[in-house]
Amino acid sequence: MRRFGRMGPNLAPIGQGTWYIDRGDRATAIAALRRGLDLGLTHIDTAEMYGDAEPLVAEAIAGRRDEVFLVSKVLPSNASRRGTIAACERSLARLGTDRLDCYLLHWRGHYQLAETVAAFEDLVAAGKILSWGVSNFDAGDLRELHRLAGDGKIACNQVLYHLHERAIEHAVIPWCEAHGVAVTAYSPFGHDEFPSPRSEAGRRLQRIADDHGATPRQVALAFLTRRRSVFAIPKAGNPLHAADNAAAMVLRLGEDEIAAIDQACPLGPEPASLPML
C-alpha cells in the first residue's frame with residue numbers, strides 16, 4: 001500500500017483500467033472487476049469517453065462502493081466550468097454513485113484551465129468529488145496548472161507508461177514526486193507493444209519471471225511501479241487476468257533485475273511532446 005498523492009488514501013500500487021472493457025463479454029468483464037476487488041485492486045479507473053464502461057463499472061461495484069477508489073474523467077470538449085459539472089453529474093448517474101474519489105481532465109483542450117479548475121473546486125465543495133487531477137499532462141502543463149491551482153490541489157497525473165514508452169521518467173515523474181502528485185500509468189502493457197518472447201527484452205523478462213515463479217507481465221508491472229509515486233491500472237479481460245495482475249503486488253525486483261530491464265528496454269531521449277494514446 002502507498003499513499004495516492006499528498007492527501008489521498010493508501011492504495012495498492014495496482015488498480016484496474018476499463019478502456020475497451022465494454023467491447024468483450026459483459027458478464028466476464030464484470031466478473032474480472034469483482035475478482036480484482038476481492039484481491040485488493042480497489043482503484044478502478046474509467047471515463048465518460050469509454051463507451052459503456054461506466055454502467056458496467058456500476059454493476060461490478062454494486063453493494064461494494066465503499067471499497068472502491070473510483071476515478072472518472074471529463075472530455076476536454078466538455079471541460080468548461082458549466083460543462084465539467086454537467087459531465088460529472090452524468091458520470092455519477094451512470095456509475096450509480098453520489099461521489100467520485102478523483103475526477104480528471106482527460107487531456108488538455110481549448111477551454112482555459114481556470115474554468116476546469118473552478119468547476120473541480122465547485123464539485124469538491126458540493127461533495128461530488130473528493131479530489132481532482134489530470135491526464136496526459138507534460139511537466140510544462142503541470143507547472144502552469146500548479147501556478148493556477150496552488151500547492152496540494154493536483155491529486156494525480158494519469159499518463160502513458162510501459163516498458164517501451166518511458167518518457168515520463170525524464171520530467172513528469174520527478175515533477176510529480178517533488179509536488180506530492182500521484183502518477184497513474186495507463187496501458188502499462190503497451191498497446192500491442194509488450195515485448196515479444198522472441199526479443200531480447202522478452203527473454204530477459206522471462207528469465208526474471210522464472211526466478212520469481214512469476215509471469216513476464218507481473219515483472220513488467222513490478223518494474224513500472226518500483227517508485228512509490230507510481231500506480232498502474234492494467235485492464236483485465238477476465239478473472240484470471242485480474243488475479244495475474246494482483247500477484248504483481250508481492251513481487252520485489254532486485255537492483256540487478258531492475259538494471260537488466262532498464263538495459264533491455266532503455267529510457268531513450270526526452271521527446272519533444274508527451275506521448276499519449
# chains A, B, ... in the order shown; residues from 1 in each chain; ligands from 1

call {"tool": "select_by_dssp", "arguments": {"residues": "range 135-253 of chain A", "states": "strand (DSSP E or B)", "output": "list in words"}}
result
Ser135, Ile154, Ala155, Cys156, Asn157, Gln158, Val159, Leu160, His162, Glu165, Ala182, Val183, Thr184, Ala185, Tyr186, Val230, Phe231 and Ala232 of chain A

call {"tool": "residues_around", "arguments": {"residues": "range 203-212 of chain A", "least_positions_apart": "4", "cutoff": "12 Å", "atoms": "only C-alpha atoms", "output": "short mmCIF file (atom, residue, chain, number, x, y, z; two decimals) with N, CA, C and O atoms, in the first residue's frame"}}
result
data_model
loop_
_atom_site.label_atom_id
_atom_site.label_comp_id
_atom_site.auth_asym_id
_atom_site.auth_seq_id
_atom_site.Cartn_x
_atom_site.Cartn_y
_atom_site.Cartn_z
N LEU A 163 6.95 -0.49 -20.82
CA LEU A 163 8.37 -0.78 -20.94
C LEU A 163 9.00 -0.13 -22.17
O LEU A 163 10.19 0.22 -22.14
N PHE A 194 3.80 -5.07 -26.00
CA PHE A 194 4.52 -5.80 -24.95
C PHE A 194 5.65 -6.59 -25.60
O PHE A 194 5.49 -7.14 -26.69
N PRO A 195 6.82 -6.63 -24.95
CA PRO A 195 7.97 -7.32 -25.57
C PRO A 195 7.65 -8.74 -26.00
O PRO A 195 7.11 -9.54 -25.23
N SER A 196 7.99 -9.06 -27.22
CA SER A 196 7.79 -10.41 -27.75
C SER A 196 8.66 -11.41 -27.00
O SER A 196 9.81 -11.08 -26.65
N PRO A 197 8.17 -12.62 -26.76
CA PRO A 197 9.01 -13.64 -26.11
C PRO A 197 10.28 -13.93 -26.88
O PRO A 197 11.27 -14.43 -26.30
N ARG A 198 10.30 -13.62 -28.18
CA ARG A 198 11.47 -13.90 -29.02
C ARG A 198 12.49 -12.75 -29.01
O ARG A 198 13.59 -12.91 -29.52
N SER A 199 12.10 -11.61 -28.43
CA SER A 199 13.02 -10.47 -28.38
C SER A 199 13.94 -10.60 -27.17
O SER A 199 13.69 -11.37 -26.23
N PRO A 216 6.02 -12.77 -17.08
CA PRO A 216 6.65 -11.55 -17.59
C PRO A 216 5.80 -10.30 -17.36
O PRO A 216 6.35 -9.22 -17.09
N ARG A 217 4.50 -10.41 -17.45
CA ARG A 217 3.65 -9.23 -17.24
C ARG A 217 3.68 -8.80 -15.78
O ARG A 217 3.63 -7.60 -15.48
N GLN A 218 3.78 -9.73 -14.87
CA GLN A 218 3.93 -9.37 -13.46
C GLN A 218 5.25 -8.65 -13.24
O GLN A 218 5.33 -7.67 -12.49
N VAL A 219 6.30 -9.12 -13.89
CA VAL A 219 7.60 -8.46 -13.79
C VAL A 219 7.51 -7.04 -14.33
O VAL A 219 8.03 -6.09 -13.73
N ALA A 220 6.83 -6.86 -15.45
CA ALA A 220 6.67 -5.52 -16.02
C ALA A 220 5.94 -4.59 -15.06
O ALA A 220 6.36 -3.44 -14.86
N LEU A 221 4.87 -5.07 -14.45
CA LEU A 221 4.13 -4.23 -13.50
C LEU A 221 5.00 -3.88 -12.29
O LEU A 221 4.96 -2.74 -11.80
N ALA A 222 5.77 -4.84 -11.81
CA ALA A 222 6.65 -4.57 -10.67
C ALA A 222 7.70 -3.52 -11.03
O ALA A 222 8.03 -2.65 -10.21
N PHE A 223 8.21 -3.59 -12.25
CA PHE A 223 9.20 -2.60 -12.69
C PHE A 223 8.58 -1.22 -12.80
O PHE A 223 9.15 -0.22 -12.32
N ALA A 247 -1.16 -10.44 -8.45
CA ALA A 247 0.02 -11.13 -7.93
C ALA A 247 1.29 -10.31 -8.10
O ALA A 247 2.28 -10.54 -7.39
N ALA A 248 1.27 -9.32 -9.01
CA ALA A 248 2.45 -8.48 -9.18
C ALA A 248 2.74 -7.63 -7.95
O ALA A 248 3.87 -7.16 -7.76
N VAL A 250 3.12 -8.45 -4.92
CA VAL A 250 4.02 -9.06 -3.94
C VAL A 250 5.39 -9.34 -4.55
O VAL A 250 6.26 -9.90 -3.88
N LEU A 251 5.60 -8.96 -5.79
CA LEU A 251 6.86 -9.21 -6.47
C LEU A 251 7.82 -8.05 -6.22
O LEU A 251 7.49 -6.89 -6.48
N ARG A 252 8.99 -8.35 -5.69
CA ARG A 252 10.01 -7.34 -5.43
C ARG A 252 11.23 -7.63 -6.29
O ARG A 252 11.83 -8.70 -6.16
N LEU A 253 11.60 -6.70 -7.12
CA LEU A 253 12.74 -6.89 -8.01
C LEU A 253 14.02 -6.38 -7.35
O LEU A 253 14.02 -5.35 -6.67
N GLY A 254 15.10 -7.12 -7.57
CA GLY A 254 16.40 -6.68 -7.08
C GLY A 254 16.99 -5.60 -7.98
O GLY A 254 16.55 -5.41 -9.12
N GLU A 255 18.01 -4.91 -7.46
CA GLU A 255 18.62 -3.83 -8.24
C GLU A 255 19.21 -4.35 -9.54
O GLU A 255 19.16 -3.67 -10.57
N ASP A 256 19.78 -5.57 -9.52
CA ASP A 256 20.35 -6.12 -10.74
C ASP A 256 19.26 -6.45 -11.76
O ASP A 256 19.46 -6.31 -12.97
N GLU A 257 18.09 -6.87 -11.27
CA GLU A 257 16.98 -7.17 -12.18
C GLU A 257 16.42 -5.89 -12.79
O GLU A 257 16.10 -5.84 -14.00
N ILE A 258 16.31 -4.84 -11.98
CA ILE A 258 15.87 -3.55 -12.49
C ILE A 258 16.84 -3.03 -13.54
O ILE A 258 16.44 -2.54 -14.61
N ALA A 259 18.13 -3.20 -13.28
CA ALA A 259 19.14 -2.76 -14.24
C ALA A 259 19.06 -3.55 -15.54
O ALA A 259 19.24 -2.99 -16.63
N ALA A 260 18.77 -4.85 -15.44
CA ALA A 260 18.66 -5.68 -16.64
C ALA A 260 17.48 -5.26 -17.49
O ALA A 260 17.57 -5.21 -18.73
N ILE A 261 16.35 -4.94 -16.85
CA ILE A 261 15.17 -4.48 -17.61
C ILE A 261 15.45 -3.11 -18.22
O ILE A 261 15.10 -2.84 -19.37
N ASP A 262 16.11 -2.25 -17.45
CA ASP A 262 16.45 -0.91 -17.94
C ASP A 262 17.33 -1.00 -19.18
O ASP A 262 17.18 -0.22 -20.12
N GLN A 263 18.24 -1.95 -19.19
CA GLN A 263 19.13 -2.13 -20.35
C GLN A 263 18.37 -2.69 -21.55
O GLN A 263 18.59 -2.28 -22.69
N ALA A 264 17.46 -3.63 -21.29
CA ALA A 264 16.72 -4.26 -22.39
C ALA A 264 15.64 -3.34 -22.96
O ALA A 264 15.29 -3.43 -24.14
N CYS A 265 15.09 -2.47 -22.11
CA CYS A 265 14.02 -1.54 -22.52
C CYS A 265 14.46 -0.13 -22.14
O CYS A 265 13.95 0.44 -21.17
#

call {"tool": "residues_around", "arguments": {"residues": "range 88-90 of chain A", "least_positions_apart": "6", "cutoff": "12 Å", "atoms": "only C-alpha atoms", "output": "PyMOL selection string"}}
result
chain A and resi 47-49+54-55+71-75+78-82+96-105+116+119-120+122-124+126-129+132

call {"tool": "residues_around", "arguments": {"residues": "range 26-38 of chain A", "least_positions_apart": "2", "cutoff": "6 Å", "atoms": "only C-alpha atoms", "output": "list in words"}}
result
Gly40, Leu41, Thr42, Ala60, Gly237, Asn238, Pro239 and Ala242 of chain A

call {"tool": "select_by_dssp", "arguments": {"residues": "range 55-272 of chain A", "states": "alpha helix (DSSP H)", "output": "mmCIF file with N, CA and C atoms, in the first residue's frame"}}
result
data_model
loop_
_atom_site.group_PDB
_atom_site.id
_atom_site.type_symbol
_atom_site.label_atom_id
_atom_site.label_comp_id
_atom_site.auth_asym_id
_atom_site.auth_seq_id
_atom_site.Cartn_x
_atom_site.Cartn_y
_atom_site.Cartn_z
ATOM 1 N N PRO A 55 -21.450 2.364 -16.913
ATOM 2 C CA PRO A 55 -22.530 1.497 -16.423
ATOM 3 C C PRO A 55 -22.048 0.089 -16.070
ATOM 4 N N LEU A 56 -21.071 -0.409 -16.806
ATOM 5 C CA LEU A 56 -20.515 -1.724 -16.492
ATOM 6 C C LEU A 56 -19.827 -1.701 -15.127
ATOM 7 N N VAL A 57 -19.054 -0.648 -14.875
ATOM 8 C CA VAL A 57 -18.420 -0.498 -13.565
ATOM 9 C C VAL A 57 -19.472 -0.401 -12.471
ATOM 10 N N ALA A 58 -20.547 0.332 -12.741
ATOM 11 C CA ALA A 58 -21.617 0.464 -11.749
ATOM 12 C C ALA A 58 -22.151 -0.896 -11.327
ATOM 13 N N GLU A 59 -22.337 -1.777 -12.298
ATOM 14 C CA GLU A 59 -22.834 -3.117 -11.969
ATOM 15 C C GLU A 59 -21.788 -3.909 -11.192
ATOM 16 N N ALA A 60 -20.517 -3.740 -11.554
ATOM 17 C CA ALA A 60 -19.456 -4.501 -10.886
ATOM 18 C C ALA A 60 -19.285 -4.092 -9.429
ATOM 19 N N ARG A 81 -16.505 25.437 -17.293
ATOM 20 C CA ARG A 81 -16.939 25.363 -15.881
ATOM 21 C C ARG A 81 -18.298 24.674 -15.776
ATOM 22 N N ARG A 82 -19.255 25.119 -16.555
ATOM 23 C CA ARG A 82 -20.589 24.512 -16.520
ATOM 24 C C ARG A 82 -20.569 23.104 -17.107
ATOM 25 N N GLY A 83 -19.807 22.929 -18.203
ATOM 26 C CA GLY A 83 -19.774 21.629 -18.863
ATOM 27 C C GLY A 83 -19.135 20.549 -18.014
ATOM 28 N N THR A 84 -18.105 20.899 -17.252
ATOM 29 C CA THR A 84 -17.451 19.924 -16.372
ATOM 30 C C THR A 84 -18.411 19.443 -15.301
ATOM 31 N N ILE A 85 -19.146 20.359 -14.719
ATOM 32 C CA ILE A 85 -20.101 19.975 -13.670
ATOM 33 C C ILE A 85 -21.186 19.069 -14.246
ATOM 34 N N ALA A 86 -21.701 19.413 -15.426
ATOM 35 C CA ALA A 86 -22.732 18.590 -16.056
ATOM 36 C C ALA A 86 -22.191 17.217 -16.425
ATOM 37 N N ALA A 87 -20.959 17.165 -16.931
ATOM 38 C CA ALA A 87 -20.354 15.880 -17.293
ATOM 39 C C ALA A 87 -20.159 15.009 -16.067
ATOM 40 N N CYS A 88 -19.733 15.613 -14.976
ATOM 41 C CA CYS A 88 -19.553 14.853 -13.738
ATOM 42 C C CYS A 88 -20.879 14.281 -13.259
ATOM 43 N N GLU A 89 -21.918 15.069 -13.307
ATOM 44 C CA GLU A 89 -23.225 14.578 -12.863
ATOM 45 C C GLU A 89 -23.714 13.429 -13.732
ATOM 46 N N ARG A 90 -23.426 13.482 -15.037
ATOM 47 C CA ARG A 90 -23.781 12.361 -15.919
ATOM 48 C C ARG A 90 -22.984 11.111 -15.558
ATOM 49 N N SER A 91 -21.702 11.286 -15.281
ATOM 50 C CA SER A 91 -20.880 10.138 -14.898
ATOM 51 C C SER A 91 -21.355 9.541 -13.579
ATOM 52 N N LEU A 92 -21.693 10.384 -12.626
ATOM 53 C CA LEU A 92 -22.204 9.881 -11.348
ATOM 54 C C LEU A 92 -23.465 9.054 -11.558
ATOM 55 N N ALA A 93 -24.344 9.537 -12.427
ATOM 56 C CA ALA A 93 -25.585 8.798 -12.697
ATOM 57 C C ALA A 93 -25.280 7.455 -13.357
ATOM 58 N N ARG A 94 -24.378 7.444 -14.327
ATOM 59 C CA ARG A 94 -24.034 6.181 -14.998
ATOM 60 C C ARG A 94 -23.342 5.223 -14.051
ATOM 61 N N LEU A 95 -22.577 5.749 -13.108
ATOM 62 C CA LEU A 95 -21.848 4.907 -12.159
ATOM 63 C C LEU A 95 -22.686 4.523 -10.945
ATOM 64 N N LEU A 113 -7.715 26.395 -18.522
ATOM 65 C CA LEU A 113 -7.590 25.548 -17.332
ATOM 66 C C LEU A 113 -8.302 26.156 -16.130
ATOM 67 N N ALA A 114 -8.345 27.469 -16.053
ATOM 68 C CA ALA A 114 -9.008 28.129 -14.921
ATOM 69 C C ALA A 114 -10.480 27.741 -14.841
ATOM 70 N N GLU A 115 -11.136 27.577 -15.993
ATOM 71 C CA GLU A 115 -12.544 27.172 -15.984
ATOM 72 C C GLU A 115 -12.706 25.769 -15.414
ATOM 73 N N THR A 116 -11.861 24.858 -15.863
ATOM 74 C CA THR A 116 -11.961 23.473 -15.403
ATOM 75 C C THR A 116 -11.637 23.367 -13.920
ATOM 76 N N VAL A 117 -10.603 24.083 -13.492
ATOM 77 C CA VAL A 117 -10.234 24.059 -12.070
ATOM 78 C C VAL A 117 -11.362 24.627 -11.213
ATOM 79 N N ALA A 118 -11.975 25.699 -11.662
ATOM 80 C CA ALA A 118 -13.098 26.275 -10.909
ATOM 81 C C ALA A 118 -14.232 25.267 -10.787
ATOM 82 N N ALA A 119 -14.507 24.533 -11.857
ATOM 83 C CA ALA A 119 -15.546 23.508 -11.804
ATOM 84 C C ALA A 119 -15.162 22.394 -10.840
ATOM 85 N N PHE A 120 -13.904 21.965 -10.900
ATOM 86 C CA PHE A 120 -13.451 20.927 -9.971
ATOM 87 C C PHE A 120 -13.641 21.371 -8.524
ATOM 88 N N GLU A 121 -13.291 22.619 -8.235
ATOM 89 C CA GLU A 121 -13.440 23.112 -6.864
ATOM 90 C C GLU A 121 -14.913 23.221 -6.474
ATOM 91 N N ASP A 122 -15.770 23.589 -7.419
ATOM 92 C CA ASP A 122 -17.211 23.586 -7.146
ATOM 93 C C ASP A 122 -17.690 22.178 -6.794
ATOM 94 N N LEU A 123 -17.205 21.197 -7.538
ATOM 95 C CA LEU A 123 -17.614 19.803 -7.314
ATOM 96 C C LEU A 123 -17.094 19.289 -5.978
ATOM 97 N N VAL A 124 -15.884 19.700 -5.593
ATOM 98 C CA VAL A 124 -15.362 19.327 -4.276
ATOM 99 C C VAL A 124 -16.226 19.926 -3.183
ATOM 100 N N ALA A 125 -16.551 21.196 -3.317
ATOM 101 C CA ALA A 125 -17.372 21.874 -2.307
ATOM 102 C C ALA A 125 -18.743 21.228 -2.172
ATOM 103 N N ALA A 139 5.266 18.043 -18.109
ATOM 104 C CA ALA A 139 5.757 18.820 -16.974
ATOM 105 C C ALA A 139 5.426 20.309 -17.121
ATOM 106 N N GLY A 140 5.510 20.835 -18.334
ATOM 107 C CA GLY A 140 5.169 22.237 -18.531
ATOM 108 C C GLY A 140 3.715 22.525 -18.239
ATOM 109 N N ASP A 141 2.824 21.637 -18.658
ATOM 110 C CA ASP A 141 1.397 21.789 -18.352
ATOM 111 C C ASP A 141 1.160 21.724 -16.851
ATOM 112 N N LEU A 142 1.867 20.819 -16.180
ATOM 113 C CA LEU A 142 1.712 20.675 -14.736
ATOM 114 C C LEU A 142 2.175 21.926 -13.999
ATOM 115 N N ARG A 143 3.275 22.509 -14.461
ATOM 116 C CA ARG A 143 3.751 23.741 -13.826
ATOM 117 C C ARG A 143 2.729 24.857 -13.971
ATOM 118 N N GLU A 144 2.145 24.972 -15.165
ATOM 119 C CA GLU A 144 1.123 26.004 -15.382
ATOM 120 C C GLU A 144 -0.093 25.759 -14.498
ATOM 121 N N LEU A 145 -0.529 24.507 -14.410
ATOM 122 C CA LEU A 145 -1.688 24.166 -13.593
ATOM 123 C C LEU A 145 -1.399 24.413 -12.110
ATOM 124 N N HIS A 146 -0.194 24.109 -11.686
ATOM 125 C CA HIS A 146 0.189 24.317 -10.285
ATOM 126 C C HIS A 146 0.181 25.801 -9.931
ATOM 127 N N ARG A 147 0.668 26.632 -10.825
ATOM 128 C CA ARG A 147 0.630 28.081 -10.570
ATOM 129 C C ARG A 147 -0.803 28.577 -10.447
ATOM 130 N N LEU A 148 -1.686 27.990 -11.214
ATOM 131 C CA LEU A 148 -3.086 28.406 -11.213
ATOM 132 C C LEU A 148 -3.838 27.903 -9.985
ATOM 133 N N ALA A 149 -3.659 26.624 -9.662
ATOM 134 C CA ALA A 149 -4.479 25.991 -8.637
ATOM 135 C C ALA A 149 -3.890 26.088 -7.238
ATOM 136 N N VAL A 172 8.241 14.242 -16.017
ATOM 137 C CA VAL A 172 6.917 14.171 -15.392
ATOM 138 C C VAL A 172 6.977 13.530 -14.012
ATOM 139 N N ILE A 173 7.591 12.354 -13.906
ATOM 140 C CA ILE A 173 7.667 11.707 -12.596
ATOM 141 C C ILE A 173 8.444 12.566 -11.597
ATOM 142 N N PRO A 174 9.622 13.098 -11.955
ATOM 143 C CA PRO A 174 10.310 13.957 -10.980
ATOM 144 C C PRO A 174 9.475 15.156 -10.519
ATOM 145 N N TRP A 175 8.752 15.800 -11.453
ATOM 146 C CA TRP A 175 7.923 16.940 -11.043
ATOM 147 C C TRP A 175 6.824 16.471 -10.095
ATOM 148 N N CYS A 176 6.182 15.371 -10.431
ATOM 149 C CA CYS A 176 5.093 14.878 -9.588
ATOM 150 C C CYS A 176 5.599 14.485 -8.210
ATOM 151 N N GLU A 177 6.736 13.843 -8.145
ATOM 152 C CA GLU A 177 7.287 13.458 -6.845
ATOM 153 C C GLU A 177 7.648 14.687 -6.007
ATOM 154 N N ALA A 178 8.154 15.727 -6.649
ATOM 155 C CA ALA A 178 8.525 16.942 -5.921
ATOM 156 C C ALA A 178 7.317 17.691 -5.387
ATOM 157 N N GLU A 200 15.025 -9.838 -27.179
ATOM 158 C CA GLU A 200 15.946 -9.863 -26.034
ATOM 159 C C GLU A 200 15.228 -9.387 -24.773
ATOM 160 N N ALA A 201 14.417 -8.334 -24.900
ATOM 161 C CA ALA A 201 13.669 -7.855 -23.741
ATOM 162 C C ALA A 201 12.723 -8.937 -23.224
ATOM 163 N N GLY A 202 12.041 -9.612 -24.144
ATOM 164 C CA GLY A 202 11.124 -10.673 -23.736
ATOM 165 C C GLY A 202 11.837 -11.812 -23.039
ATOM 166 N N ARG A 203 13.013 -12.169 -23.544
ATOM 167 C CA ARG A 203 13.772 -13.257 -22.916
ATOM 168 C C ARG A 203 14.260 -12.862 -21.525
ATOM 169 N N ARG A 204 14.669 -11.601 -21.363
ATOM 170 C CA ARG A 204 15.101 -11.151 -20.034
ATOM 171 C C ARG A 204 13.931 -11.144 -19.055
ATOM 172 N N LEU A 205 12.796 -10.661 -19.501
ATOM 173 C CA LEU A 205 11.615 -10.681 -18.632
ATOM 174 C C LEU A 205 11.282 -12.105 -18.203
ATOM 175 N N GLN A 206 11.367 -13.042 -19.145
ATOM 176 C CA GLN A 206 11.043 -14.429 -18.829
ATOM 177 C C GLN A 206 12.039 -15.014 -17.831
ATOM 178 N N ARG A 207 13.325 -14.698 -17.968
ATOM 179 C CA ARG A 207 14.315 -15.212 -17.017
ATOM 180 C C ARG A 207 14.047 -14.678 -15.618
ATOM 181 N N ILE A 208 13.754 -13.399 -15.527
ATOM 182 C CA ILE A 208 13.456 -12.810 -14.217
ATOM 183 C C ILE A 208 12.176 -13.408 -13.652
ATOM 184 N N ALA A 209 11.169 -13.563 -14.503
ATOM 185 C CA ALA A 209 9.908 -14.163 -14.059
ATOM 186 C C ALA A 209 10.140 -15.579 -13.533
ATOM 187 N N ASP A 210 10.940 -16.362 -14.249
ATOM 188 C CA ASP A 210 11.208 -17.737 -13.816
ATOM 189 C C ASP A 210 11.883 -17.760 -12.448
ATOM 190 N N ASP A 211 12.762 -16.806 -12.198
ATOM 191 C CA ASP A 211 13.458 -16.757 -10.908
ATOM 192 C C ASP A 211 12.507 -16.475 -9.752
ATOM 193 N N HIS A 212 11.382 -15.808 -10.062
ATOM 194 C CA HIS A 212 10.415 -15.440 -9.011
ATOM 195 C C HIS A 212 9.162 -16.311 -9.031
ATOM 196 N N PRO A 216 6.022 -12.773 -17.078
ATOM 197 C CA PRO A 216 6.646 -11.550 -17.594
ATOM 198 C C PRO A 216 5.801 -10.295 -17.364
ATOM 199 N N ARG A 217 4.501 -10.414 -17.454
ATOM 200 C CA ARG A 217 3.654 -9.234 -17.240
ATOM 201 C C ARG A 217 3.676 -8.798 -15.777
ATOM 202 N N GLN A 218 3.780 -9.735 -14.867
ATOM 203 C CA GLN A 218 3.932 -9.369 -13.463
ATOM 204 C C GLN A 218 5.255 -8.649 -13.240
ATOM 205 N N VAL A 219 6.297 -9.124 -13.890
ATOM 206 C CA VAL A 219 7.600 -8.461 -13.786
ATOM 207 C C VAL A 219 7.505 -7.035 -14.328
ATOM 208 N N ALA A 220 6.833 -6.857 -15.451
ATOM 209 C CA ALA A 220 6.671 -5.524 -16.024
ATOM 210 C C ALA A 220 5.943 -4.593 -15.063
ATOM 211 N N LEU A 221 4.872 -5.066 -14.448
ATOM 212 C CA LEU A 221 4.134 -4.233 -13.500
ATOM 213 C C LEU A 221 4.997 -3.875 -12.292
ATOM 214 N N ALA A 222 5.770 -4.843 -11.807
ATOM 215 C CA ALA A 222 6.648 -4.573 -10.667
ATOM 216 C C ALA A 222 7.695 -3.522 -11.027
ATOM 217 N N PHE A 223 8.213 -3.592 -12.248
ATOM 218 C CA PHE A 223 9.205 -2.602 -12.693
ATOM 219 C C PHE A 223 8.577 -1.216 -12.798
ATOM 220 N N LEU A 224 7.421 -1.123 -13.399
ATOM 221 C CA LEU A 224 6.784 0.176 -13.612
ATOM 222 C C LEU A 224 6.361 0.834 -12.306
ATOM 223 N N PRO A 239 -11.376 -12.898 -15.013
ATOM 224 C CA PRO A 239 -10.921 -13.018 -13.628
ATOM 225 C C PRO A 239 -9.507 -13.566 -13.483
ATOM 226 N N LEU A 240 -9.069 -14.448 -14.373
ATOM 227 C CA LEU A 240 -7.708 -14.973 -14.289
ATOM 228 C C LEU A 240 -6.682 -13.873 -14.541
ATOM 229 N N HIS A 241 -6.981 -12.994 -15.496
ATOM 230 C CA HIS A 241 -6.074 -11.878 -15.750
ATOM 231 C C HIS A 241 -6.026 -10.937 -14.543
ATOM 232 N N ALA A 242 -7.158 -10.716 -13.903
ATOM 233 C CA ALA A 242 -7.187 -9.870 -12.707
ATOM 234 C C ALA A 242 -6.312 -10.463 -11.611
ATOM 235 N N ALA A 243 -6.385 -11.763 -11.431
ATOM 236 C CA ALA A 243 -5.561 -12.425 -10.421
ATOM 237 C C ALA A 243 -4.083 -12.335 -10.775
ATOM 238 N N ASP A 244 -3.776 -12.463 -12.064
ATOM 239 C CA ASP A 244 -2.387 -12.352 -12.519
ATOM 240 C C ASP A 244 -1.847 -10.949 -12.232
ATOM 241 N N ASN A 245 -2.648 -9.920 -12.492
ATOM 242 C CA ASN A 245 -2.223 -8.553 -12.196
ATOM 243 C C ASN A 245 -2.018 -8.348 -10.699
ATOM 244 N N ALA A 246 -2.928 -8.863 -9.903
ATOM 245 C CA ALA A 246 -2.840 -8.676 -8.453
ATOM 246 C C ALA A 246 -1.581 -9.311 -7.879
ATOM 247 N N ALA A 247 -1.165 -10.442 -8.447
ATOM 248 C CA ALA A 247 0.019 -11.135 -7.928
ATOM 249 C C ALA A 247 1.285 -10.308 -8.096
ATOM 250 N N GLU A 255 18.005 -4.908 -7.461
ATOM 251 C CA GLU A 255 18.620 -3.831 -8.236
ATOM 252 C C GLU A 255 19.211 -4.355 -9.538
ATOM 253 N N ASP A 256 19.777 -5.569 -9.517
ATOM 254 C CA ASP A 256 20.345 -6.123 -10.739
ATOM 255 C C ASP A 256 19.262 -6.451 -11.757
ATOM 256 N N GLU A 257 18.089 -6.872 -11.273
ATOM 257 C CA GLU A 257 16.977 -7.167 -12.185
ATOM 258 C C GLU A 257 16.422 -5.887 -12.792
ATOM 259 N N ILE A 258 16.312 -4.841 -11.982
ATOM 260 C CA ILE A 258 15.867 -3.549 -12.493
ATOM 261 C C ILE A 258 16.842 -3.032 -13.543
ATOM 262 N N ALA A 259 18.130 -3.199 -13.279
ATOM 263 C CA ALA A 259 19.142 -2.757 -14.237
ATOM 264 C C ALA A 259 19.058 -3.551 -15.541
ATOM 265 N N ALA A 260 18.770 -4.847 -15.442
ATOM 266 C CA ALA A 260 18.660 -5.682 -16.641
ATOM 267 C C ALA A 260 17.476 -5.261 -17.494
ATOM 268 N N ILE A 261 16.348 -4.941 -16.853
ATOM 269 C CA ILE A 261 15.174 -4.479 -17.607
ATOM 270 C C ILE A 261 15.448 -3.112 -18.216
ATOM 271 N N ASP A 262 16.106 -2.248 -17.446
ATOM 272 C CA ASP A 262 16.450 -0.915 -17.935
ATOM 273 C C ASP A 262 17.335 -1.001 -19.176
ATOM 274 N N GLN A 263 18.245 -1.954 -19.191
ATOM 275 C CA GLN A 263 19.129 -2.128 -20.346
ATOM 276 C C GLN A 263 18.366 -2.685 -21.550
ATOM 277 N N ALA A 264 17.460 -3.631 -21.294
ATOM 278 C CA ALA A 264 16.717 -4.256 -22.391
ATOM 279 C C ALA A 264 15.638 -3.339 -22.956
#

call {"tool": "closest_atom_pairs", "arguments": {"of": "range 136-251 of chain A", "to": "range 8-24 of chain A", "cutoff": "6 Å", "atoms": "only C-alpha atoms", "output": "CSV"}}
result
residue,atom,partner,partner_atom,distance
A:Phe231,CA,A:Pro13,CA,4.7
A:Ala232,CA,A:Ile14,CA,5.0
A:Ile233,CA,A:Gly15,CA,4.5
A:Pro234,CA,A:Gly17,CA,5.2
A:Lys235,CA,A:Gly17,CA,4.4

call {"tool": "atom_distance", "arguments": {"atom1": "CA of Leu274 in chain A", "atom2": "CA of Asn157 in chain A"}}
result
12.3 Å

call {"tool": "closest_residue", "arguments": {"among": "A:Ile44, A:Val230, A:Val183, A:Ala62", "to": "Cys156 in chain A", "atoms": "only C-alpha atoms"}}
result
A:Val183
